[in-house]
>>> print(open('my_file_3.json').read())   # JSON, C-alpha atoms
[["chain", "number", "residue", "atom", "x", "y", "z"],
["A", 167, "MET", "CA", 34.16, -4.39, 14.92],
["A", 168, "PHE", "CA", 30.57, -3.22, 15.42],
["A", 169, "ARG", "CA", 27.14, -4.81, 15.08],
["A", 170, "TYR", "CA", 24.35, -3.50, 12.91],
["A", 171, "PHE", "CA", 20.74, -4.53, 12.26],
["A", 172, "ASN", "CA", 19.88, -6.17, 8.92],
["A", 173, "ARG", "CA", 16.31, -5.11, 7.98],
["A", 174, "GLU", "CA", 15.86, -7.89, 5.39],
["A", 175, "THR", "CA", 16.76, -10.85, 7.62],
["A", 176, "GLY", "CA", 15.70, -9.40, 10.94],
["A", 177, "GLY", "CA", 19.03, -10.32, 12.51],
["A", 178, "SER", "CA", 22.30, -8.57, 13.24],
["A", 179, "LYS", "CA", 25.71, -8.78, 11.59],
["A", 180, "THR", "CA", 29.26, -7.84, 12.47],
["A", 181, "LYS", "CA", 31.28, -5.45, 10.32],
["A", 182, "ARG", "CA", 34.86, -4.21, 10.53],
["A", 183, "CYS", "CA", 35.33, -0.50, 11.16],
["A", 184, "ARG", "CA", 38.49, 1.63, 11.30],
["A", 185, "CYS", "CA", 36.89, 4.11, 13.68],
["A", 186, "PRO", "CA", 38.36, 4.47, 17.18],
["A", 187, "ILE", "CA", 36.77, 2.21, 19.76],
["A", 188, "THR", "CA", 35.07, 5.16, 21.49],
["A", 189, "GLN", "CA", 33.33, 6.12, 18.23],
["A", 190, "VAL", "CA", 32.20, 2.55, 17.61],
["A", 191, "ALA", "CA", 30.60, 2.46, 21.04],
["A", 192, "THR", "CA", 28.66, 5.57, 20.10],
["A", 193, "ILE", "CA", 27.35, 3.92, 16.91],
["A", 194, "LEU", "CA", 25.90, 0.93, 18.74],
["A", 195, "PRO", "CA", 27.00, -0.27, 22.20],
["A", 196, "ALA", "CA", 28.11, -3.90, 22.25],
["A", 197, "HIS", "CA", 25.55, -4.76, 24.93],
["A", 198, "SER", "CA", 22.63, -3.22, 23.01],
["A", 199, "ALA", "CA", 20.03, -5.79, 21.87],
["A", 200, "VAL", "CA", 17.50, -3.31, 20.48],
["A", 201, "PRO", "CA", 17.77, -2.82, 16.69],
["A", 202, "PRO", "CA", 16.97, 0.60, 15.19],
["A", 203, "ARG", "CA", 13.37, 1.34, 14.26],
["A", 204, "ALA", "CA", 11.93, 3.42, 11.42],
["A", 205, "ALA", "CA", 9.04, 5.83, 11.85],
["A", 206, "GLY", "CA", 7.51, 8.51, 9.70],
["A", 207, "THR", "CA", 4.42, 10.63, 9.16],
["A", 208, "VAL", "CA", 3.06, 12.38, 6.08],
["A", 209, "SER", "CA", -0.04, 14.57, 6.00],
["A", 210, "LEU", "CA", -1.37, 16.75, 3.20],
["A", 211, "SER", "CA", -4.45, 18.51, 1.93],
["A", 212, "THR", "CA", -5.43, 20.02, -1.41],
["A", 213, "LYS", "CA", -7.22, 23.11, -2.68],
["A", 214, "GLN", "CA", -8.29, 24.57, -6.01],
["A", 215, "LEU", "CA", -6.28, 27.35, -7.61],
["A", 216, "ARG", "CA", -7.10, 28.63, -11.11],
["A", 217, "ASN", "CA", -8.97, 25.42, -11.98],
["A", 218, "ARG", "CA", -6.03, 23.27, -10.86],
["A", 219, "THR", "CA", -5.56, 21.05, -7.83],
["A", 220, "VAL", "CA", -2.62, 22.23, -5.72],
["A", 221, "LEU", "CA", -1.23, 21.62, -2.26],
["A", 222, "ASN", "CA", -2.91, 23.41, 0.61],
["A", 223, "LYS", "CA", -1.06, 22.00, 3.62],
["A", 224, "PHE", "CA", 1.82, 19.53, 3.75],
["A", 225, "ARG", "CA", 3.95, 18.02, 6.49],
["A", 226, "GLN", "CA", 6.39, 15.11, 6.55],
["A", 227, "SER", "CA", 8.71, 13.70, 9.19],
["A", 228, "GLY", "CA", 11.02, 10.75, 9.79],
["A", 229, "SER", "CA", 11.71, 8.22, 7.05],
["A", 230, "PHE", "CA", 8.34, 8.71, 5.31],
["A", 231, "LYS", "CA", 8.44, 11.19, 2.42],
["A", 232, "CYS", "CA", 6.21, 12.52, -0.36],
["A", 233, "LEU", "CA", 7.23, 13.73, -3.82],
["A", 234, "PHE", "CA", 5.15, 15.76, -6.28],
["A", 235, "PRO", "CA", 5.99, 15.11, -9.94],
["A", 236, "ARG", "CA", 5.36, 17.88, -12.45],
["A", 237, "THR", "CA", 2.26, 17.30, -14.55],
["A", 238, "THR", "CA", 0.51, 19.08, -17.39],
["A", 239, "THR", "CA", -2.95, 18.07, -16.18],
["A", 240, "PRO", "CA", -5.16, 19.94, -13.67],
["A", 241, "GLU", "CA", -4.95, 17.01, -11.21],
["A", 242, "LEU", "CA", -2.34, 16.68, -8.46],
["A", 243, "ASP", "CA", -0.09, 13.59, -8.27],
["A", 244, "ALA", "CA", 1.69, 12.61, -5.05],
["A", 245, "VAL", "CA", 4.26, 9.81, -4.68],
["A", 246, "LEU", "CA", 4.88, 8.27, -1.25],
["A", 247, "LEU", "CA", 8.39, 7.06, -0.42],
["A", 248, "ASN", "CA", 9.61, 4.97, 2.51],
["A", 249, "SER", "CA", 13.29, 5.92, 2.74],
["A", 250, "ALA", "CA", 13.87, 3.15, 5.31],
["A", 251, "GLY", "CA", 13.58, 0.66, 2.44],
["A", 252, "GLY", "CA", 10.74, -1.43, 3.88],
["A", 253, "VAL", "CA", 8.75, -2.28, 6.99],
["A", 254, "THR", "CA", 9.88, -4.57, 9.80],
["A", 255, "GLY", "CA", 8.82, -5.22, 13.39],
["A", 256, "GLY", "CA", 8.63, -2.06, 15.49],
["A", 257, "ASP", "CA", 8.38, 0.30, 12.50],
["A", 258, "SER", "CA", 5.49, 2.76, 12.32],
["A", 259, "PHE", "CA", 4.30, 4.78, 9.31],
["A", 260, "ARG", "CA", 1.26, 7.06, 9.19],
["A", 261, "PHE", "CA", -0.32, 8.89, 6.26],
["A", 262, "SER", "CA", -3.34, 11.17, 6.15],
["A", 263, "CYS", "CA", -4.75, 13.35, 3.41],
["A", 264, "LYS", "CA", -7.80, 15.43, 2.57],
["A", 265, "ALA", "CA", -8.95, 16.00, -1.00],
["A", 266, "ALA", "CA", -10.85, 19.27, -0.75],
["A", 267, "LYS", "CA", -14.10, 20.07, -2.51],
["A", 268, "GLY", "CA", -13.83, 19.80, -6.28],
["A", 269, "THR", "CA", -10.17, 18.69, -6.35],
["A", 270, "ALA", "CA", -8.59, 15.62, -7.96],
["A", 271, "LEU", "CA", -5.70, 13.79, -6.25],
["A", 272, "THR", "CA", -3.81, 10.64, -7.23],
["A", 273, "LEU", "CA", -1.63, 8.91, -4.65],
["A", 274, "THR", "CA", 0.87, 6.18, -5.44],
["A", 275, "THR", "CA", 4.20, 4.80, -4.21],
["A", 276, "GLN", "CA", 7.64, 5.18, -5.76],
["A", 277, "ALA", "CA", 8.18, 1.40, -5.79],
["A", 278, "CYS", "CA", 6.87, -1.80, -4.27],
["A", 279, "GLU", "CA", 6.73, -1.78, -0.48],
["A", 280, "ARG", "CA", 8.44, -4.65, 1.36],
["A", 281, "ALA", "CA", 7.43, -6.25, 4.64],
["A", 282, "TYR", "CA", 10.61, -7.79, 6.07],
["A", 283, "LYS", "CA", 11.18, -10.46, 8.69],
["A", 284, "ALA", "CA", 10.22, -9.23, 12.16],
["A", 285, "GLN", "CA", 11.27, -10.24, 15.64],
["A", 286, "PRO", "CA", 8.78, -12.32, 17.67],
["A", 287, "LYS", "CA", 5.90, -10.30, 19.17],
["A", 288, "GLU", "CA", 6.82, -7.22, 17.09],
["A", 289, "TRP", "CA", 4.73, -5.74, 14.28],
["A", 290, "GLY", "CA", 5.35, -3.26, 11.51],
["A", 291, "GLN", "CA", 2.46, -0.79, 11.51],
["A", 292, "VAL", "CA", 1.15, 1.16, 8.51],
["A", 293, "THR", "CA", -1.90, 3.43, 8.97],
["A", 294, "ASN", "CA", -3.56, 5.39, 6.16],
["A", 295, "HIS", "CA", -6.54, 7.73, 6.52],
["A", 296, "LEU", "CA", -8.01, 9.40, 3.44],
["A", 297, "THR", "CA", -10.81, 11.99, 3.38],
["A", 298, "VAL", "CA", -12.60, 13.00, 0.17],
["A", 299, "GLU", "CA", -14.87, 16.04, 0.24],
["A", 300, "ALA", "CA", -17.88, 16.84, -1.96],
["A", 301, "GLY", "CA", -17.23, 16.74, -5.70],
["A", 302, "ALA", "CA", -13.62, 15.57, -5.25],
["A", 303, "ARG", "CA", -11.92, 12.53, -6.80],
["A", 304, "LEU", "CA", -9.20, 10.54, -5.03],
["A", 305, "ASN", "CA", -7.20, 7.69, -6.54],
["A", 306, "TRP", "CA", -5.34, 5.48, -4.04],
["A", 307, "LEU", "CA", -3.01, 3.48, -6.31],
["A", 308, "PRO", "CA", -0.01, 2.12, -4.36],
["A", 309, "GLN", "CA", 2.21, -0.42, -6.06],
["A", 310, "GLU", "CA", 2.49, -3.97, -4.71],
["A", 311, "THR", "CA", 3.37, -4.82, -1.12],
["A", 312, "ILE", "CA", 5.71, -7.83, -1.03],
["A", 313, "LEU", "CA", 5.49, -10.06, 2.04],
["A", 314, "TYR", "CA", 8.79, -11.71, 3.05],
["A", 315, "ASN", "CA", 8.91, -14.92, 5.05],
["A", 316, "GLY", "CA", 8.79, -14.11, 8.77],
["A", 317, "SER", "CA", 7.13, -10.72, 8.20],
["A", 318, "ALA", "CA", 4.60, -9.25, 10.61],
["A", 319, "LEU", "CA", 2.51, -6.49, 9.02],
["A", 320, "ASP", "CA", -0.35, -4.60, 10.67],
["A", 321, "ARG", "CA", -1.86, -2.36, 7.99],
["A", 322, "ARG", "CA", -5.02, -0.25, 8.14],
["A", 323, "LEU", "CA", -6.73, 1.90, 5.53],
["A", 324, "ARG", "CA", -9.77, 4.08, 6.18],
["A", 325, "ILE", "CA", -11.46, 6.22, 3.50],
["A", 326, "ASP", "CA", -14.15, 8.76, 4.42],
["A", 327, "LEU", "CA", -16.27, 10.01, 1.52],
["A", 328, "SER", "CA", -18.70, 12.91, 1.22],
["A", 329, "PRO", "CA", -22.05, 12.17, -0.54],
["A", 330, "ASP", "CA", -20.92, 12.94, -4.12],
["A", 331, "ALA", "CA", -17.20, 12.22, -3.85],
["A", 332, "ASP", "CA", -15.52, 9.65, -6.13],
["A", 333, "MET", "CA", -12.81, 7.18, -5.12],
["A", 334, "LEU", "CA", -10.71, 4.48, -6.81],
["A", 335, "MET", "CA", -8.45, 2.29, -4.69],
["A", 336, "VAL", "CA", -6.25, -0.75, -5.21],
["A", 337, "GLU", "CA", -4.28, -2.86, -2.72],
["A", 338, "PRO", "CA", -2.04, -5.48, -4.38],
["A", 339, "LEU", "CA", -0.21, -8.11, -2.28],
["A", 340, "VAL", "CA", 2.63, -10.41, -3.41],
["A", 341, "PHE", "CA", 3.38, -13.56, -1.43],
["A", 342, "GLY", "CA", 7.16, -13.93, -1.27],
["A", 343, "ARG", "CA", 9.95, -13.54, -3.84],
["A", 344, "VAL", "CA", 9.35, -16.16, -6.50],
["A", 345, "ALA", "CA", 12.74, -15.58, -8.17],
["A", 346, "MET", "CA", 14.41, -16.35, -4.84],
["A", 347, "GLY", "CA", 12.40, -19.53, -4.35],
["A", 348, "GLU", "CA", 10.83, -18.06, -1.22],
["A", 349, "THR", "CA", 7.68, -19.53, 0.33],
["A", 350, "LEU", "CA", 5.82, -17.95, 3.22],
["A", 351, "THR", "CA", 5.88, -20.68, 5.85],
["A", 352, "GLU", "CA", 5.61, -18.28, 8.77],
["A", 353, "ILE", "CA", 4.02, -14.82, 8.61],
["A", 354, "ARG", "CA", 1.70, -12.63, 10.63],
["A", 355, "LEU", "CA", -0.73, -10.41, 8.76],
["A", 356, "ARG", "CA", -3.44, -8.00, 9.89],
["A", 357, "ASP", "CA", -4.90, -6.02, 7.00],
["A", 358, "GLN", "CA", -8.05, -3.93, 7.37],
["A", 359, "ILE", "CA", -9.83, -1.70, 4.82],
["A", 360, "GLU", "CA", -12.81, 0.50, 5.66],
["A", 361, "ILE", "CA", -14.77, 2.79, 3.31],
["A", 362, "TRP", "CA", -17.33, 5.14, 4.84],
["A", 363, "ARG", "CA", -19.90, 7.39, 3.16],
["A", 364, "GLU", "CA", -21.44, 10.14, 5.32],
["A", 365, "GLY", "CA", -20.41, 8.33, 8.50],
["A", 366, "THR", "CA", -21.92, 5.01, 7.38],
["A", 367, "PRO", "CA", -19.70, 2.00, 6.50],
["A", 368, "VAL", "CA", -20.25, 0.88, 2.89],
["A", 369, "PHE", "CA", -17.32, -1.52, 2.54],
["A", 370, "LEU", "CA", -15.35, -3.45, 5.17],
["A", 371, "ASP", "CA", -12.64, -6.00, 4.45],
["A", 372, "ALA", "CA", -10.18, -7.63, 6.84],
["A", 373, "ILE", "CA", -7.51, -10.35, 6.93],
["A", 374, "ARG", "CA", -6.21, -11.89, 10.14],
["A", 375, "PHE", "CA", -3.63, -14.64, 9.77],
["A", 376, "ALA", "CA", -0.67, -16.15, 11.60],
["A", 377, "GLY", "CA", 1.21, -19.23, 10.49],
["A", 378, "ASP", "CA", 1.94, -21.08, 7.25],
["A", 379, "TRP", "CA", 0.52, -18.77, 4.58],
["A", 380, "HIS", "CA", 1.82, -20.91, 1.69],
["A", 381, "THR", "CA", -0.04, -24.04, 2.80],
["A", 382, "HIS", "CA", -3.17, -22.03, 3.54],
["A", 383, "LEU", "CA", -3.27, -20.47, 0.06],
["A", 384, "ALA", "CA", -2.55, -23.80, -1.63],
["A", 385, "LYS", "CA", -6.03, -25.06, -0.70],
["A", 386, "ARG", "CA", -8.32, -25.13, -3.75],
["A", 387, "HIS", "CA", -11.24, -23.44, -2.01],
["A", 388, "ILE", "CA", -9.04, -20.57, -0.77],
["A", 389, "ALA", "CA", -6.50, -19.51, -3.43],
["A", 390, "ASN", "CA", -5.46, -22.69, -5.27],
["A", 391, "GLY", "CA", -1.76, -21.84, -4.91],
["A", 392, "ALA", "CA", -1.92, -18.19, -6.00],
["A", 393, "GLY", "CA", 1.25, -16.14, -5.51],
["A", 394, "ALA", "CA", -0.37, -12.69, -5.54],
["A", 395, "MET", "CA", -3.74, -11.00, -5.16],
["A", 396, "ALA", "CA", -5.36, -7.58, -5.40],
["A", 397, "LEU", "CA", -8.49, -5.79, -4.27],
["A", 398, "ILE", "CA", -9.90, -2.94, -6.38],
["A", 399, "VAL", "CA", -12.81, -0.76, -5.26],
["A", 400, "LEU", "CA", -14.44, 2.00, -7.29],
["A", 401, "MET", "CA", -17.04, 4.22, -5.66],
["A", 402, "SER", "CA", -18.59, 6.49, -8.25],
["A", 403, "SER", "CA", -21.89, 7.16, -10.01],
["A", 404, "SER", "CA", -20.22, 5.60, -13.09],
["A", 405, "ALA", "CA", -19.46, 2.27, -11.33],
["A", 406, "GLU", "CA", -22.38, 0.35, -12.84],
["A", 407, "GLY", "CA", -21.31, 1.24, -16.38],
["A", 408, "HIS", "CA", -17.85, -0.28, -15.81],
["A", 409, "LEU", "CA", -19.07, -3.69, -14.62],
["A", 410, "GLU", "CA", -19.40, -5.61, -17.89],
["A", 411, "PRO", "CA", -16.34, -4.05, -19.64],
["A", 412, "VAL", "CA", -14.20, -4.88, -16.58],
["A", 413, "ARG", "CA", -15.43, -8.46, -16.48],
["A", 414, "GLU", "CA", -14.23, -8.90, -20.05],
["A", 415, "LEU", "CA", -10.71, -7.89, -18.95],
["A", 416, "LEU", "CA", -10.52, -10.35, -16.05],
["A", 417, "PRO", "CA", -8.99, -13.86, -16.09],
["A", 418, "ASP", "CA", -10.78, -16.89, -14.66],
["A", 419, "ALA", "CA", -9.22, -16.37, -11.20],
["A", 420, "ALA", "CA", -10.85, -12.96, -10.74],
["A", 421, "GLY", "CA", -14.30, -11.52, -10.33],
["A", 422, "ALA", "CA", -16.19, -8.22, -10.28],
["A", 423, "THR", "CA", -19.50, -7.33, -8.67],
["A", 424, "LEU", "CA", -21.67, -4.36, -7.74],
["A", 425, "THR", "CA", -22.53, -4.34, -4.05],
["A", 426, "ARG", "CA", -24.62, -1.21, -4.70],
["A", 427, "ASN", "CA", -25.19, 0.93, -7.79],
["A", 428, "ASP", "CA", -22.18, 3.16, -7.09],
["A", 429, "LEU", "CA", -19.80, 0.56, -5.63],
["A", 430, "LEU", "CA", -17.79, -1.80, -7.84],
["A", 431, "VAL", "CA", -15.61, -4.43, -6.12],
["A", 432, "ILE", "CA", -12.99, -6.49, -7.99],
["A", 433, "ARG", "CA", -10.86, -9.31, -6.58],
["A", 434, "ILE", "CA", -7.95, -10.84, -8.47],
["A", 435, "LEU", "CA", -5.79, -13.91, -7.83],
["A", 436, "ALA", "CA", -2.65, -14.50, -9.89],
["A", 437, "GLY", "CA", 0.21, -16.97, -10.05],
["A", 438, "ASP", "CA", 2.84, -14.29, -9.44],
["A", 439, "SER", "CA", 3.39, -10.53, -9.43],
["A", 440, "PHE", "CA", 3.96, -10.35, -13.20],
["A", 441, "ALA", "CA", 0.65, -12.04, -13.97],
["A", 442, "LEU", "CA", -1.09, -9.83, -11.41],
["A", 443, "ARG", "CA", 0.23, -6.66, -13.04],
["A", 444, "ARG", "CA", -0.82, -7.80, -16.50],
["A", 445, "THR", "CA", -4.39, -7.92, -15.20],
["A", 446, "LEU", "CA", -4.25, -4.87, -12.96],
["A", 447, "MET", "CA", -2.97, -2.29, -15.42],
["A", 448, "PRO", "CA", -5.71, -2.49, -18.08],
["A", 449, "VAL", "CA", -8.40, -2.63, -15.39],
["A", 450, "LEU", "CA", -7.04, 0.43, -13.56],
["A", 451, "ARG", "CA", -6.71, 2.28, -16.86],
["A", 452, "ARG", "CA", -10.33, 1.51, -17.65],
["A", 453, "LEU", "CA", -11.46, 2.85, -14.27],
["A", 454, "ASN", "CA", -9.22, 5.93, -14.33],
["A", 455, "ASN", "CA", -9.81, 7.58, -17.72],
["A", 456, "ASP", "CA", -7.06, 5.56, -19.42],
["A", 457, "THR", "CA", -4.29, 6.92, -17.17],
["A", 458, "LEU", "CA", -1.92, 5.46, -14.59],
["A", 459, "PRO", "CA", 0.74, 7.11, -12.40],
["A", 460, "ARG", "CA", 4.13, 7.27, -14.14],
["A", 461, "CYS", "CA", 5.70, 5.15, -11.38],
["A", 462, "TRP", "CA", 3.65, 2.18, -12.56],
["A", 463, "MET", "CA", 5.38, 2.35, -15.94],
["A", 464, "LEU", "CA", 8.97, 2.20, -14.65]]
>>> encode(input="my_file_3.json", output="structure tokens")
Amino acid sequence: MFRYFNRETGGSKTKRCRCPITQVATILPAHSAVPPRAAGTVSLSTKQLRNRTVLNKFRQSGSFKCLFPRTTTPELDAVLLNSAGGVTGGDSFRFSCKAAKGTALTLTTQACERAYKAQPKEWGQVTNHLTVEAGARLNWLPQETILYNGSALDRRLRIDLSPDADMLMVEPLVFGRVAMGETLTEIRLRDQIEIWREGTPVFLDAIRFAGDWHTHLAKRHIANGAGAMALIVLMSSSAEGHLEPVRELLPDAAGATLTRNDLLVIRILAGDSFALRRTLMPVLRRLNNDTLPRCWML
């Protein structure tokens, strides 16, 4: 018999093994109370080559990977993959990228990310830092992050933009697994988004919460029982022209506004992940020249 850590429940289980006792002890000593942790780092940068965007530098380590699908367009697509299967307490993932002058880069994830139950006083940490140089376009389009009951997620995103760089970002969150009848009665969440232009903050957004998320969101003046939400930000000289067409695509539980002429902010509440996606996809297509990463279609 040996014990192993279950990432979904945050606990440990016992499993039969035909290995000799000495080998079992090597797998995980019986007295060990520390479950395994996942960590990974990905960093990349782009450059122009024959009017196409290509990789300049790339490094990955641990259980954080990046794939590059073949495309027929001059832009570069990159797909982030957490091979650990999710994020739990004690995990740490870091991503950084630089879209060089005049390049176009789209970043997405292979599937929905999952924040699993964490041990008390432990956090799963996800840090993303994106830099967009002059004349470049960066699309940050990860798929949904699903929060499990008992999860503890500390996530930070910072985007640094040059004066005439363009950026589209989305961060969708799903509150529990509806099909499993799950409600988030106990979670810890720290989520921070910063967008800077020439060293000056132009957009700051943060969530700090610990406790009964389900009851909190059920309040009419907060989320009226929503099961998912998303934040979309477009920073581009074309932002003002998208305002009215985007508003026509939004349901009643969503809104869009210009905080400055080149900054469009959209917030969406939805009953569940399916309803959220039905709203997200046409809006993102509208803001991204009628295209979405292939992963979003699977």
>>> atom_distance(input="my_file_3.json", atom1="atom CA of A:Arg354", atom2="atom CA of A:Ile312")
13.2 Å
>>> residues_around(input="my_file_3.json", residues="A:Leu319", least_positions_apart="5", cutoff="8 Å", atoms="only C-alpha atoms", output="list in words")
Val253, Thr254, Gly255, Ala281, Trp289, Gly290, Gln291, Val292, Arg354, Leu355, Arg356 and Asp357 of chain A
>>> closest_residue(input="my_file_3.json", among="A:Trp306, A:Asp378, A:Ser209, A:Glu406", to="A:Lys231", atoms="only C-alpha atoms")
A:Ser209
>>> residues_around(input="my_file_3.json", residues="A:Thr351", least_positions_apart="3", cutoff="10 Å", atoms="only C-alpha atoms", output="list in words")
Tyr314, Asn315, Gly316, Gly342, Glu348, Ala376, Gly377, Asp378, Trp379, His380, Thr381 and His382 of chain A
>>> write_last_selection(input="my_file_3.json", atoms="C-alpha atoms", output="tab-separated table (two decimals), in the frame of the given file")
chain	number	residue	atom	x	y	z
A	314	TYR	CA	8.79	-11.71	3.05
A	315	ASN	CA	8.91	-14.92	5.05
A	316	GLY	CA	8.79	-14.11	8.77
A	342	GLY	CA	7.16	-13.93	-1.27
A	348	GLU	CA	10.83	-18.06	-1.22
A	376	ALA	CA	-0.67	-16.15	11.60
A	377	GLY	CA	1.21	-19.23	10.49
A	378	ASP	CA	1.94	-21.08	7.25
A	379	TRP	CA	0.52	-18.77	4.58
A	380	HIS	CA	1.82	-20.91	1.69
A	381	THR	CA	-0.04	-24.04	2.80
A	382	HIS	CA	-3.17	-22.03	3.54
>>> closest_residue(input="my_file_3.json", among="A:Leu215, A:Leu271, A:Ala266, A:Val431", to="A:Ser402", atoms="only C-alpha atoms")
A:Val431
>>> residues_around(input="my_file_3.json", residues="A:Ala441", least_positions_apart="5", cutoff="9 Å", atoms="all atoms listed in the file", output="mmCIF file with C-alpha atoms, in the coordinates of the input")
data_model
loop_
_atom_site.group_PDB
_atom_site.id
_atom_site.type_symbol
_atom_site.label_atom_id
_atom_site.label_comp_id
_atom_site.auth_asym_id
_atom_site.auth_seq_id
_atom_site.Cartn_x
_atom_site.Cartn_y
_atom_site.Cartn_z
ATOM 1 C CA ALA A 394 -0.370 -12.690 -5.540
ATOM 2 C CA ALA A 436 -2.650 -14.500 -9.890
ATOM 3 C CA LEU A 446 -4.250 -4.870 -12.960
#
>>> atom_distance(input="my_file_3.json", atom1="atom CA of A:Cys278", atom2="atom CA of A:Ser229")
15.9 Å
>>> closest_residue(input="my_file_3.json", among="A:Val298, A:Cys232, A:Met447, A:Leu242", to="A:Met401", atoms="all atoms listed in the file")
A:Val298
>>> closest_residue(input="my_file_3.json", among="A:Ala204, A:Asp257, A:Ala318, A:Ser404", to="A:Phe375", atoms="all atoms listed in the file")
A:Ala318
>>> closest_residue(input="my_file_3.json", among="A:Val412, A:Val449, A:Leu273, A:Leu323", to="A:Asn305", atoms="only C-alpha atoms")
A:Leu273
>>> atom_distance(input="my_file_3.json", atom1="atom CA of A:Phe440", atom2="atom CA of A:Arg460")
17.6 Å
>>> residues_around(input="my_file_3.json", residues="A:Val245", least_positions_apart="2", cutoff="10 Å", atoms="all atoms listed in the file", output="PyMOL selection string")
chain A and resi 231-235+243+247+272-277+307-308+459-461
>>> closest_residue(input="my_file_3.json", among="A:Ile353, A:Leu442, A:Leu210, A:Leu334", to="A:His295", atoms="all atoms listed in the file")
A:Leu210
>>> residues_near_point(input="my_file_3.json", point="(1.2, 0.0, 4.7)", cutoff="8 Å", atoms="all atoms listed in the file", output="number ranges by chain")
A: 259, 279, 291-294, 311, 319-322
>>> residues_around(input="my_file_3.json", residues="A:Asp418", least_positions_apart="2", cutoff="12 Å", atoms="all atoms listed in the file", output="PDB file with C-alpha atoms, in the frame of the given file")
ATOM      1  CA  ARG A 413     -15.430  -8.460 -16.480  1.00  0.00           C
ATOM      2  CA  GLU A 414     -14.230  -8.900 -20.050  1.00  0.00           C
ATOM      3  CA  LEU A 415     -10.710  -7.890 -18.950  1.00  0.00           C
ATOM      4  CA  LEU A 416     -10.520 -10.350 -16.050  1.00  0.00           C
ATOM      5  CA  ALA A 420     -10.850 -12.960 -10.740  1.00  0.00           C
ATOM      6  CA  GLY A 421     -14.300 -11.520 -10.330  1.00  0.00           C
ATOM      7  CA  ALA A 422     -16.190  -8.220 -10.280  1.00  0.00           C
ATOM      8  CA  ARG A 433     -10.860  -9.310  -6.580  1.00  0.00           C
ATOM      9  CA  ILE A 434      -7.950 -10.840  -8.470  1.00  0.00           C
ATOM     10  CA  LEU A 435      -5.790 -13.910  -7.830  1.00  0.00           C
ATOM     11  CA  ALA A 436      -2.650 -14.500  -9.890  1.00  0.00           C
ATOM     12  CA  GLY A 437       0.210 -16.970 -10.050  1.00  0.00           C
ATOM     13  CA  THR A 445      -4.390  -7.920 -15.200  1.00  0.00           C
TER      14      THR A 445
END
